[in-house]
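Participant: Quick one, work-v9.pdb (PDB, C-alpha atoms and all ligand atoms):
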ATOM      1  CA  MET A  88      28.625  11.114 -13.389
ATOM      2  CA  PRO A  89      25.230  10.547 -15.000
ATOM      3  CA  LEU A  90      23.193   7.549 -13.871
ATOM      4  CA  ALA A  91      23.842   4.938 -16.477
ATOM      5  CA  ILE A  92      21.751   1.970 -15.399
ATOM      6  CA  LYS A  93      19.442   1.044 -18.202
ATOM      7  CA  LEU A  94      16.089  -0.268 -17.053
ATOM      8  CA  ILE A  95      14.069  -2.771 -19.062
ATOM      9  CA  ARG A  96      10.417  -2.228 -18.198
ATOM     10  CA  SER A  97       7.953  -5.043 -18.925
ATOM     11  CA  ASN A  98       5.013  -4.259 -21.176
ATOM     12  CA  GLU A  99       2.686  -4.562 -18.214
ATOM     13  CA  VAL A 100       4.709  -2.012 -16.236
ATOM     14  CA  LYS A 101       4.908   0.348 -19.207
ATOM     15  CA  GLN A 102       1.162   0.129 -19.599
ATOM     16  CA  GLY A 103       0.661   0.581 -15.850
ATOM     17  CA  VAL A 104       2.759   3.746 -15.912
ATOM     18  CA  ARG A 105       0.788   5.066 -18.907
ATOM     19  CA  LYS A 106      -2.549   4.339 -17.265
ATOM     20  CA  LEU A 107      -1.366   5.829 -13.980
ATOM     21  CA  SER A 108      -1.923   2.519 -12.217
ATOM     22  CA  PRO A 109      -0.150   2.181  -8.849
ATOM     23  CA  ILE A 110       2.938  -0.036  -9.116
ATOM     24  CA  VAL A 111       4.072  -2.555  -6.491
ATOM     25  CA  ALA A 112       7.610  -3.920  -6.641
ATOM     26  CA  LEU A 113       8.440  -7.523  -5.721
ATOM     27  CA  GLU A 114      11.873  -8.992  -4.988
ATOM     28  CA  SER A 115      13.187 -12.134  -6.657
ATOM     29  CA  THR A 116      15.740 -13.570  -4.191
ATOM     30  CA  VAL A 117      12.882 -15.158  -2.304
ATOM     31  CA  LEU A 118      12.113 -17.082  -5.518
ATOM     32  CA  THR A 119      15.623 -18.247  -6.300
ATOM     33  CA  HIS A 120      17.144 -18.649  -2.842
ATOM     34  CA  GLY A 121      14.257 -18.647  -0.369
ATOM     35  CA  LEU A 122      11.782 -21.214  -1.721
ATOM     36  CA  PRO A 123      12.097 -24.647  -3.337
ATOM     37  CA  ARG A 124      10.880 -25.383  -6.864
ATOM     38  CA  PRO A 125       8.156 -25.543  -8.090
ATOM     39  CA  GLN A 126       6.542 -23.563  -5.252
ATOM     40  CA  ASN A 127       8.768 -20.597  -6.084
ATOM     41  CA  LEU A 128       7.275 -19.963  -9.532
ATOM     42  CA  GLU A 129       3.711 -20.649  -8.352
ATOM     43  CA  LEU A 130       4.186 -18.160  -5.555
ATOM     44  CA  ALA A 131       5.639 -15.525  -7.893
ATOM     45  CA  ARG A 132       2.581 -15.814 -10.122
ATOM     46  CA  GLU A 133       0.172 -15.744  -7.205
ATOM     47  CA  MET A 134       1.759 -12.645  -5.698
ATOM     48  CA  GLU A 135       1.434 -10.886  -9.002
ATOM     49  CA  SER A 136      -2.225 -11.864  -9.377
ATOM     50  CA  VAL A 137      -3.101 -10.734  -5.859
ATOM     51  CA  ILE A 138      -1.678  -7.327  -6.766
ATOM     52  CA  ARG A 139      -3.693  -7.216  -9.999
ATOM     53  CA  GLU A 140      -6.848  -8.243  -8.112
ATOM     54  CA  GLU A 141      -6.352  -5.155  -5.974
ATOM     55  CA  GLY A 142      -6.183  -3.028  -9.106
ATOM     56  CA  ALA A 143      -2.432  -2.354  -9.026
ATOM     57  CA  THR A 144       0.435  -3.373 -11.328
ATOM     58  CA  PRO A 145       3.095  -5.855 -10.152
ATOM     59  CA  ALA A 146       6.766  -5.347 -11.024
ATOM     60  CA  THR A 147       8.962  -8.306 -10.098
ATOM     61  CA  ILE A 148      12.558  -7.134 -10.257
ATOM     62  CA  GLY A 149      15.660  -9.049 -11.310
ATOM     63  CA  PHE A 150      18.660  -9.242 -13.645
ATOM     64  CA  LEU A 151      18.676 -11.273 -16.872
ATOM     65  CA  ASP A 152      21.862 -11.305 -18.977
ATOM     66  CA  GLY A 153      23.219  -8.406 -16.950
ATOM     67  CA  ARG A 154      20.211  -6.187 -17.583
ATOM     68  CA  LEU A 155      17.957  -4.875 -14.844
ATOM     69  CA  HIS A 156      14.317  -5.779 -15.436
ATOM     70  CA  ILE A 157      11.537  -3.771 -13.824
ATOM     71  CA  GLY A 158       8.738  -6.274 -14.229
ATOM     72  CA  LEU A 159       9.338  -9.728 -15.685
ATOM     73  CA  ASN A 160       6.959 -11.251 -18.190
ATOM     74  CA  GLU A 161       5.744 -14.842 -17.824
ATOM     75  CA  ARG A 162       8.674 -16.323 -19.776
ATOM     76  CA  GLU A 163      11.296 -14.240 -17.971
ATOM     77  CA  LEU A 164       9.856 -15.084 -14.576
ATOM     78  CA  GLU A 165      10.013 -18.752 -15.455
ATOM     79  CA  ARG A 166      13.594 -18.384 -16.569
ATOM     80  CA  LEU A 167      14.699 -16.721 -13.358
ATOM     81  CA  ALA A 168      12.824 -19.230 -11.183
ATOM     82  CA  ASN A 169      14.314 -22.258 -12.958
ATOM     83  CA  GLU A 170      17.789 -21.231 -14.051
ATOM     84  CA  LYS A 171      20.623 -22.870 -12.126
ATOM     85  CA  GLU A 172      23.262 -20.190 -11.848
ATOM     86  CA  VAL A 173      21.269 -17.237 -10.594
ATOM     87  CA  GLN A 174      23.268 -14.952  -8.327
ATOM     88  CA  LYS A 175      21.795 -13.367  -5.224
ATOM     89  CA  VAL A 176      22.132  -9.642  -5.878
ATOM     90  CA  GLY A 177      22.324  -6.886  -3.305
ATOM     91  CA  PRO A 178      23.490  -3.373  -4.228
ATOM     92  CA  ARG A 179      27.096  -4.506  -3.787
ATOM     93  CA  ASP A 180      26.630  -7.054  -6.563
ATOM     94  CA  PHE A 181      25.096  -4.809  -9.252
ATOM     95  CA  ALA A 182      28.448  -4.204 -10.934
ATOM     96  CA  THR A 183      29.249  -7.927 -10.844
ATOM     97  CA  VAL A 184      26.125  -9.054 -12.715
ATOM     98  CA  ILE A 185      26.250  -6.084 -15.085
ATOM     99  CA  THR A 186      29.860  -6.676 -16.113
ATOM    100  CA  GLN A 187      29.413 -10.456 -16.310
ATOM    101  CA  GLY A 188      26.139 -10.200 -18.229
ATOM    102  CA  ALA A 189      24.807 -12.623 -15.640
ATOM    103  CA  SER A 190      21.378 -13.430 -14.256
ATOM    104  CA  GLY A 191      20.615 -12.388 -10.725
ATOM    105  CA  SER A 192      17.753 -12.167  -8.295
ATOM    106  CA  THR A 193      17.493  -9.009  -6.235
ATOM    107  CA  THR A 194      17.335  -9.067  -2.430
ATOM    108  CA  VAL A 195      15.274  -6.553  -0.462
ATOM    109  CA  ALA A 196      18.185  -4.094  -0.628
ATOM    110  CA  GLY A 197      18.813  -4.810  -4.309
ATOM    111  CA  THR A 198      15.135  -4.366  -5.138
ATOM    112  CA  MET A 199      14.911  -1.100  -3.211
ATOM    113  CA  PHE A 200      17.960   0.166  -5.044
ATOM    114  CA  ALA A 201      16.290  -0.707  -8.375
ATOM    115  CA  CYS A 202      13.090   1.030  -7.219
ATOM    116  CA  LYS A 203      15.079   4.180  -6.580
ATOM    117  CA  HIS A 204      16.056   4.201 -10.264
ATOM    118  CA  ALA A 205      12.567   3.256 -11.449
ATOM    119  CA  ASN A 206      10.781   5.665  -9.098
ATOM    120  CA  ILE A 207       8.626   2.989  -7.469
ATOM    121  CA  LYS A 208       7.488   3.839  -3.954
ATOM    122  CA  VAL A 209       5.857   0.647  -2.621
ATOM    123  CA  PHE A 210       7.419  -2.790  -2.265
ATOM    124  CA  ALA A 211       6.211  -6.097  -0.784
ATOM    125  CA  THR A 212       8.509  -8.776   0.591
ATOM    126  CA  GLY A 213       8.374 -11.629   3.114
ATOM    127  CA  GLY A 214      10.826 -10.787   5.823
ATOM    128  CA  ILE A 215      13.654  -8.300   5.725
ATOM    129  CA  GLY A 216      17.225  -9.288   6.461
ATOM    130  CA  GLY A 217      18.846  -7.971   9.632
ATOM    131  CA  VAL A 218      21.532  -8.631  12.202
ATOM    132  CA  HIS A 219      22.445 -12.316  12.278
ATOM    133  CA  ARG A 220      22.620 -14.295  15.496
ATOM    134  CA  GLU A 221      25.699 -16.300  14.541
ATOM    135  CA  SER A 222      27.946 -13.319  13.898
ATOM    136  CA  PRO A 223      27.002  -9.828  15.084
ATOM    137  CA  PHE A 224      28.940  -8.234  12.205
ATOM    138  CA  ASP A 225      26.803  -9.983   9.611
ATOM    139  CA  ILE A 226      24.293  -7.184   9.107
ATOM    140  CA  SER A 227      22.106  -7.398   6.015
ATOM    141  CA  ALA A 228      22.435  -4.648   3.422
ATOM    142  CA  ASP A 229      18.625  -4.537   3.655
ATOM    143  CA  LEU A 230      19.002  -2.364   6.761
ATOM    144  CA  GLN A 231      21.316   0.051   4.994
ATOM    145  CA  ALA A 232      18.840   0.332   2.088
ATOM    146  CA  LEU A 233      15.958   0.973   4.497
ATOM    147  CA  ALA A 234      18.021   3.726   6.093
ATOM    148  CA  THR A 235      18.636   5.572   2.829
ATOM    149  CA  ILE A 236      15.838   4.921   0.312
ATOM    150  CA  PRO A 237      12.505   6.672   0.929
ATOM    151  CA  MET A 238       9.781   4.155   0.143
ATOM    152  CA  ILE A 239       7.168   2.039   1.907
ATOM    153  CA  VAL A 240       8.259  -1.572   2.443
ATOM    154  CA  VAL A 241       5.710  -4.154   3.580
ATOM    155  CA  CYS A 242       7.073  -7.231   5.391
ATOM    156  CA  ALA A 243       5.987  -9.725   8.047
ATOM    157  CA  GLY A 244       8.717  -8.543  10.372
ATOM    158  CA  ALA A 245      12.308  -9.703  10.246
ATOM    159  CA  LYS A 246      13.096 -13.354   9.821
ATOM    160  CA  ALA A 247      13.013 -15.185  13.127
ATOM    161  CA  ILE A 248      16.448 -16.637  12.333
ATOM    162  CA  LEU A 249      17.886 -13.195  13.130
ATOM    163  CA  ASP A 250      18.760 -11.312  16.280
ATOM    164  CA  LEU A 251      15.489  -9.378  16.387
ATOM    165  CA  PRO A 252      16.264  -6.944  19.240
ATOM    166  CA  ALA A 253      19.566  -5.968  17.546
ATOM    167  CA  THR A 254      17.775  -5.582  14.190
ATOM    168  CA  LEU A 255      15.190  -3.226  15.696
ATOM    169  CA  GLU A 256      17.906  -1.225  17.476
ATOM    170  CA  TYR A 257      19.725  -0.780  14.202
ATOM    171  CA  LEU A 258      16.544   0.439  12.486
ATOM    172  CA  GLU A 259      15.982   2.904  15.302
ATOM    173  CA  THR A 260      19.554   4.194  15.025
ATOM    174  CA  MET A 261      19.055   4.674  11.290
ATOM    175  CA  SER A 262      15.722   6.517  11.789
ATOM    176  CA  VAL A 263      13.554   3.903  10.093
ATOM    177  CA  PRO A 264      10.094   3.951  11.695
ATOM    178  CA  VAL A 265       8.575   0.487  12.080
ATOM    179  CA  VAL A 266       4.788   0.600  11.710
ATOM    180  CA  GLY A 267       2.784  -2.316  13.094
ATOM    181  CA  TYR A 268      -0.223  -3.022  10.889
ATOM    182  CA  GLY A 269      -2.944  -3.325  13.518
ATOM    183  CA  THR A 270      -0.432  -4.499  16.112
ATOM    184  CA  ASP A 271       1.768  -3.071  18.874
ATOM    185  CA  GLU A 272       4.154  -5.962  18.599
ATOM    186  CA  PHE A 273       6.851  -6.512  15.983
ATOM    187  CA  PRO A 274       5.897  -9.754  14.195
ATOM    188  CA  ALA A 275       8.568 -12.433  13.848
ATOM    189  CA  PHE A 276       7.860 -13.715  10.339
ATOM    190  CA  TYR A 277       6.528 -17.262  11.047
ATOM    191  CA  SER A 278       5.025 -16.047  14.320
ATOM    192  CA  ARG A 279       2.769 -13.099  15.113
ATOM    193  CA  GLU A 280       4.533 -12.411  18.384
ATOM    194  CA  SER A 281       8.077 -11.410  19.360
ATOM    195  CA  GLY A 282       7.699  -9.545  22.635
ATOM    196  CA  LEU A 283       9.246  -6.483  20.931
ATOM    197  CA  ASP A 284       7.568  -3.123  20.286
ATOM    198  CA  VAL A 285       6.929  -1.270  17.043
ATOM    199  CA  ALA A 286       7.202   2.525  16.826
ATOM    200  CA  VAL A 287       3.553   3.046  15.970
ATOM    201  CA  ASN A 288       0.418   0.958  15.380
ATOM    202  CA  LEU A 289      -1.689   1.928  12.342
ATOM    203  CA  GLY A 290      -4.818   0.153  11.200
ATOM    204  CA  ASN A 291      -5.398   1.052   7.540
ATOM    205  CA  PRO A 292      -3.573   1.884   4.303
ATOM    206  CA  GLN A 293      -4.654   5.553   4.304
ATOM    207  CA  ASP A 294      -3.143   6.161   7.731
ATOM    208  CA  ILE A 295       0.079   4.453   6.634
ATOM    209  CA  VAL A 296       0.309   6.752   3.611
ATOM    210  CA  ALA A 297      -0.372   9.856   5.735
ATOM    211  CA  PHE A 298       2.344   8.681   8.125
ATOM    212  CA  ALA A 299       4.895   8.092   5.352
ATOM    213  CA  LYS A 300       4.213  11.502   3.850
ATOM    214  CA  ALA A 301       4.629  13.198   7.216
ATOM    215  CA  HIS A 302       7.926  11.313   7.632
ATOM    216  CA  TRP A 303       9.285  12.473   4.268
ATOM    217  CA  ASN A 304       7.862  15.996   4.598
ATOM    218  CA  ALA A 305       9.784  16.270   7.849
ATOM    219  CA  GLY A 306      12.916  15.882   5.746
ATOM    220  CA  LEU A 307      13.780  12.248   6.405
ATOM    221  CA  GLN A 308      15.190  10.119   3.603
ATOM    222  CA  SER A 309      14.640   6.734   5.193
ATOM    223  CA  ALA A 310      12.017   4.127   4.382
ATOM    224  CA  VAL A 311       8.878   3.407   6.366
ATOM    225  CA  LEU A 312       8.802  -0.275   7.282
ATOM    226  CA  VAL A 313       5.310  -1.747   7.618
ATOM    227  CA  ALA A 314       5.204  -4.946   9.663
ATOM    228  CA  ASN A 315       2.156  -7.033   8.767
ATOM    229  CA  PRO A 316       1.644 -10.099  10.994
ATOM    230  CA  ILE A 317       1.212 -13.476   9.260
ATOM    231  CA  PRO A 318      -2.474 -14.560   9.023
ATOM    232  CA  LYS A 319      -3.548 -16.369  12.225
ATOM    233  CA  GLY A 320      -4.334 -19.713  10.586
ATOM    234  CA  ASP A 321      -0.814 -20.104   9.162
ATOM    235  CA  ALA A 322       1.212 -18.753  12.074
ATOM    236  CA  ILE A 323       3.634 -21.010  13.973
ATOM    237  CA  SER A 324       4.176 -20.172  17.624
ATOM    238  CA  ARG A 325       7.541 -18.796  18.624
ATOM    239  CA  SER A 326       8.098 -21.522  21.194
ATOM    240  CA  SER A 327       7.622 -24.309  18.649
ATOM    241  CA  MET A 328       9.854 -22.576  16.069
ATOM    242  CA  GLU A 329      12.733 -21.636  18.366
ATOM    243  CA  PRO A 330      14.295 -25.123  18.842
ATOM    244  CA  PHE A 331      14.451 -25.595  15.062
ATOM    245  CA  ILE A 332      16.039 -22.184  14.605
ATOM    246  CA  GLN A 333      18.674 -22.957  17.220
ATOM    247  CA  LYS A 334      19.438 -26.285  15.608
ATOM    248  CA  ALA A 335      19.766 -24.775  12.126
ATOM    249  CA  SER A 336      21.932 -21.928  13.451
ATOM    250  CA  LYS A 337      24.304 -24.354  15.187
ATOM    251  CA  GLU A 338      24.629 -26.390  12.014
ATOM    252  CA  ALA A 339      25.462 -23.272  10.022
ATOM    253  CA  LEU A 340      28.184 -22.369  12.520
ATOM    254  CA  SER A 341      29.735 -25.822  12.527
ATOM    255  CA  LYS A 342      29.674 -26.013   8.735
ATOM    256  CA  GLY A 343      31.263 -22.579   8.467
ATOM    257  CA  ILE A 344      28.407 -21.213   6.376
ATOM    258  CA  HIS A 345      28.459 -17.428   6.276
ATOM    259  CA  GLY A 346      27.971 -14.329   4.108
ATOM    260  CA  LYS A 347      25.308 -14.476   1.442
ATOM    261  CA  GLU A 348      24.886 -18.258   1.811
ATOM    262  CA  LEU A 349      23.716 -18.028   5.418
ATOM    263  CA  THR A 350      20.106 -16.864   4.934
ATOM    264  CA  PRO A 351      19.293 -19.379   2.149
ATOM    265  CA  PHE A 352      20.867 -22.202   4.188
ATOM    266  CA  LEU A 353      18.827 -21.401   7.302
ATOM    267  CA  LEU A 354      15.547 -21.080   5.371
ATOM    268  CA  GLN A 355      16.066 -24.397   3.639
ATOM    269  CA  ARG A 356      17.026 -26.234   6.837
ATOM    270  CA  LEU A 357      13.957 -24.845   8.618
ATOM    271  CA  ASN A 358      11.765 -26.056   5.799
ATOM    272  CA  GLU A 359      13.225 -29.555   6.227
ATOM    273  CA  LEU A 360      13.083 -29.513  10.017
ATOM    274  CA  THR A 361       9.444 -28.354  10.103
ATOM    275  CA  ARG A 362       8.516 -30.741   7.271
ATOM    276  CA  GLY A 363       7.318 -27.974   5.011
ATOM    277  CA  LYS A 364       5.323 -26.089   7.619
ATOM    278  CA  SER A 365       7.661 -23.099   7.627
ATOM    279  CA  MET A 366       7.446 -22.900   3.846
ATOM    280  CA  ARG A 367       3.650 -22.864   3.922
ATOM    281  CA  ALA A 368       3.775 -20.059   6.469
ATOM    282  CA  ASN A 369       6.221 -18.248   4.209
ATOM    283  CA  LEU A 370       3.862 -18.484   1.209
ATOM    284  CA  SER A 371       0.886 -17.268   3.214
ATOM    285  CA  LEU A 372       2.632 -14.200   4.603
ATOM    286  CA  LEU A 373       4.044 -13.279   1.199
ATOM    287  CA  LEU A 374       0.563 -13.189  -0.337
ATOM    288  CA  ASN A 375      -0.783 -11.285   2.640
ATOM    289  CA  ASN A 376       1.954  -8.670   2.206
ATOM    290  CA  ALA A 377       1.391  -8.361  -1.544
ATOM    291  CA  ARG A 378      -2.263  -7.544  -0.891
ATOM    292  CA  LEU A 379      -1.547  -4.914   1.737
ATOM    293  CA  ALA A 380       1.181  -3.337  -0.415
ATOM    294  CA  ALA A 381      -1.259  -3.021  -3.331
ATOM    295  CA  GLN A 382      -3.792  -1.317  -1.055
ATOM    296  CA  ILE A 383      -1.124   1.061   0.223
ATOM    297  CA  ALA A 384       0.017   1.827  -3.341
ATOM    298  CA  HIS A 385      -3.590   2.688  -4.177
ATOM    299  CA  ALA A 386      -3.937   4.966  -1.173
ATOM    300  CA  LEU A 387      -0.664   6.693  -2.044
ATOM    301  CA  HIS A 388      -1.792   7.154  -5.593
ATOM    302  CA  SER A 389      -5.166   8.681  -4.630
ATOM    303  CA  SER A 390      -3.540  11.041  -2.158
ATOM    304  CA  GLU A 391      -1.131  12.307  -4.852
ATOM    305  CA  ARG A 392      -3.986  12.764  -7.314
ATOM    306  CA  ARG A 393      -5.849  14.820  -4.715
ATOM    307  CA  LYS A 394      -2.793  16.989  -4.312
ATOM    308  CA  LEU A 395      -2.610  17.628  -8.071
ATOM    309  CA  ALA A 396      -6.344  18.378  -8.436
TER     310      ALA A 396
HETATM  311  N1  LIG B   1      12.657 -13.453   3.200
HETATM  312  C1  LIG B   1      12.288 -14.702   2.862
HETATM  313  N2  LIG B   1      13.082 -15.408   2.041
HETATM  314  C2  LIG B   1      14.218 -14.877   1.515
HETATM  315  C3  LIG B   1      14.609 -13.552   1.860
HETATM  316  C4  LIG B   1      13.783 -12.890   2.699
HETATM  317  O1  LIG B   1      11.265 -15.189   3.296
HETATM  318  O2  LIG B   1      14.873 -15.547   0.724
HETATM  319  C5  LIG B   1      15.827 -12.901   1.231
HETATM  320  C6  LIG B   1      15.487 -11.446   0.934
HETATM  321  O3  LIG B   1      15.737 -11.208  -0.430
HETATM  322  C7  LIG B   1      16.412 -10.646   1.818
HETATM  323  C8  LIG B   1      17.597 -11.568   1.881
HETATM  324  O4  LIG B   1      16.707  -9.391   1.283
HETATM  325  O5  LIG B   1      16.990 -12.859   2.042
HETATM  326  C9  LIG B   1      18.534 -11.208   2.998
HETATM  327  O6  LIG B   1      19.764 -11.836   2.803
HETATM  328  P1  LIG B   1      21.057 -11.357   3.637
HETATM  329  O7  LIG B   1      20.764 -11.730   5.055
HETATM  330  O8  LIG B   1      22.203 -12.134   3.057
HETATM  331  O9  LIG B   1      21.200  -9.882   3.432
HETATM  332 MN    MN B   2      24.681 -11.121   5.417
END
Translate this structure into structure tokens?
Ligand code: PSU
Ligand code: MN
Facilitator:
Amino acid sequence: MPLAIKLIRSNEVKQGVRKLSPIVALESTVLTHGLPRPQNLELAREMESVIREEGATPATIGFLDGRLHIGLNERELERLANEKEVQKVGPRDFATVITQGASGSTTVAGTMFACKHANIKVFATGGIGGVHRESPFDISADLQALATIPMIVVCAGAKAILDLPATLEYLETMSVPVVGYGTDEFPAFYSRESGLDVAVNLGNPQDIVAFAKAHWNAGLQSAVLVANPIPKGDAISRSSMEPFIQKASKEALSKGIHGKELTPFLLQRLNELTRGKSMRANLSLLLNNARLAAQIAHALHSSERRKLA
């Protein structure tokens, strides 16, 4: 069966493709389900401008009226960030939004799936989903996407609300190398430390690109996950975060919150419990990841040009 998903590219993305500018994808679930208004829209704009500052082209991905947008213009971004009934869309939900003509924000997995269609190789997010603590069978589709879609994904580790050792084990089983950006330790989103190891520590975008190419040349189809620790000034120590996480997790269990509602619930409760501190950390690491992803996209682009020359 031919691939029938129609992509709507923004003018900026079309122009970027024409000018051979490196493209960096951004997810939209973090805007609709991960951050409160109005910080969500401000953040979306800031992430895009950081990417432009680095000389790359941003492509925020999401569904409007059942159509998959690769890059949202100012008006569309505003619509997605402010609309009430936006669905959280992983690959499982593509058919739902398409057939309903609905609006939807793409998760890490959903965005990667869109990138596969749009041939985008670099993507920046905050924290990937993983194996939940509350129920060991709640495993984010993000891990499945990382296992099967060859691209470079920049994150600040997995969200600390997850079972981090189980998440890393799963990635290892699925042959997804986790690269620490200048660190030997897997960062835990709000915190720089987790006590867990990464597969390899690399210190610059060129080395990350060389690593990813070696991975794919060796015949692997999985993603390369780059874990970029949150900037020091905005980090929250693991010991001060952990009691809040345990409290929020218990509440989720007692309220019977599960499935796709669980991650948004936990993020929002943590924001309340830390009186906004966790959200500020979240914003800082997102911008930090957008910058690194743009630098990696540049390095990838130059290395492919060298190959063609
Ligand atoms: N990281 C954040 N905020 C978020 C998410 C990640 O800082 O809102 C989103 C991402 O889109 C990720 C999703 O893909 O949560 C994971 O949800 P689930 O656990 O239901 O797969
Ligand atoms: Mn889940």
Participant: Between A:Thr147, A:Ile185, A:Val137, A:Ile207, single out the one closest to Val104 (chain A), counting all atoms listed in the file.
Facilitator: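 With all atoms listed in the file as the atom set, the closest residue is A:Ile207.
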Participant: One decimal, Å: what's the distance from atom C6 of ligand LIG 1 (chain B) over to CA of Val195 (chain A), could you say?
Facilitator: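 Between these atoms lies a distance of 5.1 Å.
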Participant: Rounded to one decimal, what separation in Å do you get between CA of Ser97 (chain A) and CA of Gly213 (chain A)?
Facilitator: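 The value is 23.0 Å.
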Participant: Taking into account all atoms listed in the file, which residue in the set A:Phe200, A:Tyr268, A:Phe150, A:Trp303 is nearest to Thr183 (chain A)?
Facilitator: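 Of A:Phe200, A:Tyr268, A:Phe150, A:Trp303, the one nearest Thr183 (chain A) is A:Phe150, counting all atoms listed in the file.
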Participant: Extract, using all atoms listed in the file, all DNA, RNA and protein residues at most 9 Å from Glu221 (chain A), discarding same-chain residues fewer than 5 positions from it, and format them as a list in words.
Facilitator: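 My list of contacting residues is Leu249, Asp250, Ser336, Lys337, Ala339, Leu340 and His345 of chain A.
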Participant: Restricting it to C-alpha atoms, dump the selection as a JSON list (two decimals), in the frame of the given file.
Facilitator:
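Result saved to part.json:
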[["chain", "number", "residue", "atom", "x", "y", "z"],
["A", 249, "LEU", "CA", 17.89, -13.20, 13.13],
["A", 250, "ASP", "CA", 18.76, -11.31, 16.28],
["A", 336, "SER", "CA", 21.93, -21.93, 13.45],
["A", 337, "LYS", "CA", 24.30, -24.35, 15.19],
["A", 339, "ALA", "CA", 25.46, -23.27, 10.02],
["A", 340, "LEU", "CA", 28.18, -22.37, 12.52],
["A", 345, "HIS", "CA", 28.46, -17.43, 6.28]]
Participant: Let me make sure I understand: among A:Met261, A:Ala143, A:Ala253, A:Leu349, which one has the smallest atom-to-atom distance to ligand MN 2 (chain B) if we use all atoms listed in the file?
Facilitator: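 Closest residue, counting all atoms listed in the file: A:Leu349.
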Participant: Applied to the shown file, which residues does the PyMOL selection byres (((chain A and resi 96) around 9) and not hetatm) return, written as number ranges by chain?
Facilitator: A: 94-95, 97-101, 146, 155-159, 205
Participant: List as a PyMOL selection string the protein and nucleic acid residues near Gly214 (chain A), meaning an atom at most 8 Å away when all atoms listed in the file are counted, but skip any in the same chain fewer than 6 places from it.
Facilitator: chain A and resi 242-246+276
Participant: Could you work out an axis-aligned box for ligand LIG 1 (chain B), taking every atom the file lists and adding 6 Å on each side, and report centre and edge lengths in Å to one decimal, as AutoDock Vina command-line options?
Facilitator:
--center_x 16.7 --center_y -12.5 --center_z 2.3 --size_x 22.9 --size_y 18.2 --size_z 17.5
Participant: Using all atoms listed in the file, pick whichever of A:Leu370, A:Ala234, A:Leu289, A:Ala381 has the shortest atom-to-atom distance to Leu118 (chain A).
Facilitator: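 Checking each of A:Leu370, A:Ala234, A:Leu289, A:Ala381 against Leu118 (chain A), counting all atoms listed in the file, the winner is A:Leu370.
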Participant: Find, counting all atoms listed in the file, the residue in A:Ala228, A:Ala310, A:Ala275, A:Ala335 that gets nearest to Ala322 (chain A).
Facilitator: A:Ala275
Participant: I would like the residues chosen by the PyMOL selection byres (((not hetatm)) within 6 of (chain B and resi 1)) on the shown file; could you give them as an mmCIF file with C-alpha atoms, keeping the file's coordinate frame?
Facilitator:
data_model
loop_
_atom_site.group_PDB
_atom_site.id
_atom_site.type_symbol
_atom_site.label_atom_id
_atom_site.label_comp_id
_atom_site.auth_asym_id
_atom_site.auth_seq_id
_atom_site.Cartn_x
_atom_site.Cartn_y
_atom_site.Cartn_z
ATOM 1 C CA THR A 116 15.740 -13.570 -4.191
ATOM 2 C CA VAL A 117 12.882 -15.158 -2.304
ATOM 3 C CA HIS A 120 17.144 -18.649 -2.842
ATOM 4 C CA GLY A 121 14.257 -18.647 -0.369
ATOM 5 C CA THR A 194 17.335 -9.067 -2.430
ATOM 6 C CA VAL A 195 15.274 -6.553 -0.462
ATOM 7 C CA ALA A 196 18.185 -4.094 -0.628
ATOM 8 C CA GLY A 213 8.374 -11.629 3.114
ATOM 9 C CA GLY A 214 10.826 -10.787 5.823
ATOM 10 C CA ILE A 215 13.654 -8.300 5.725
ATOM 11 C CA GLY A 216 17.225 -9.288 6.461
ATOM 12 C CA SER A 227 22.106 -7.398 6.015
ATOM 13 C CA ALA A 228 22.435 -4.648 3.422
ATOM 14 C CA ASP A 229 18.625 -4.537 3.655
ATOM 15 C CA LYS A 347 25.308 -14.476 1.442
ATOM 16 C CA THR A 350 20.106 -16.864 4.934
ATOM 17 C CA ASN A 369 6.221 -18.248 4.209
#
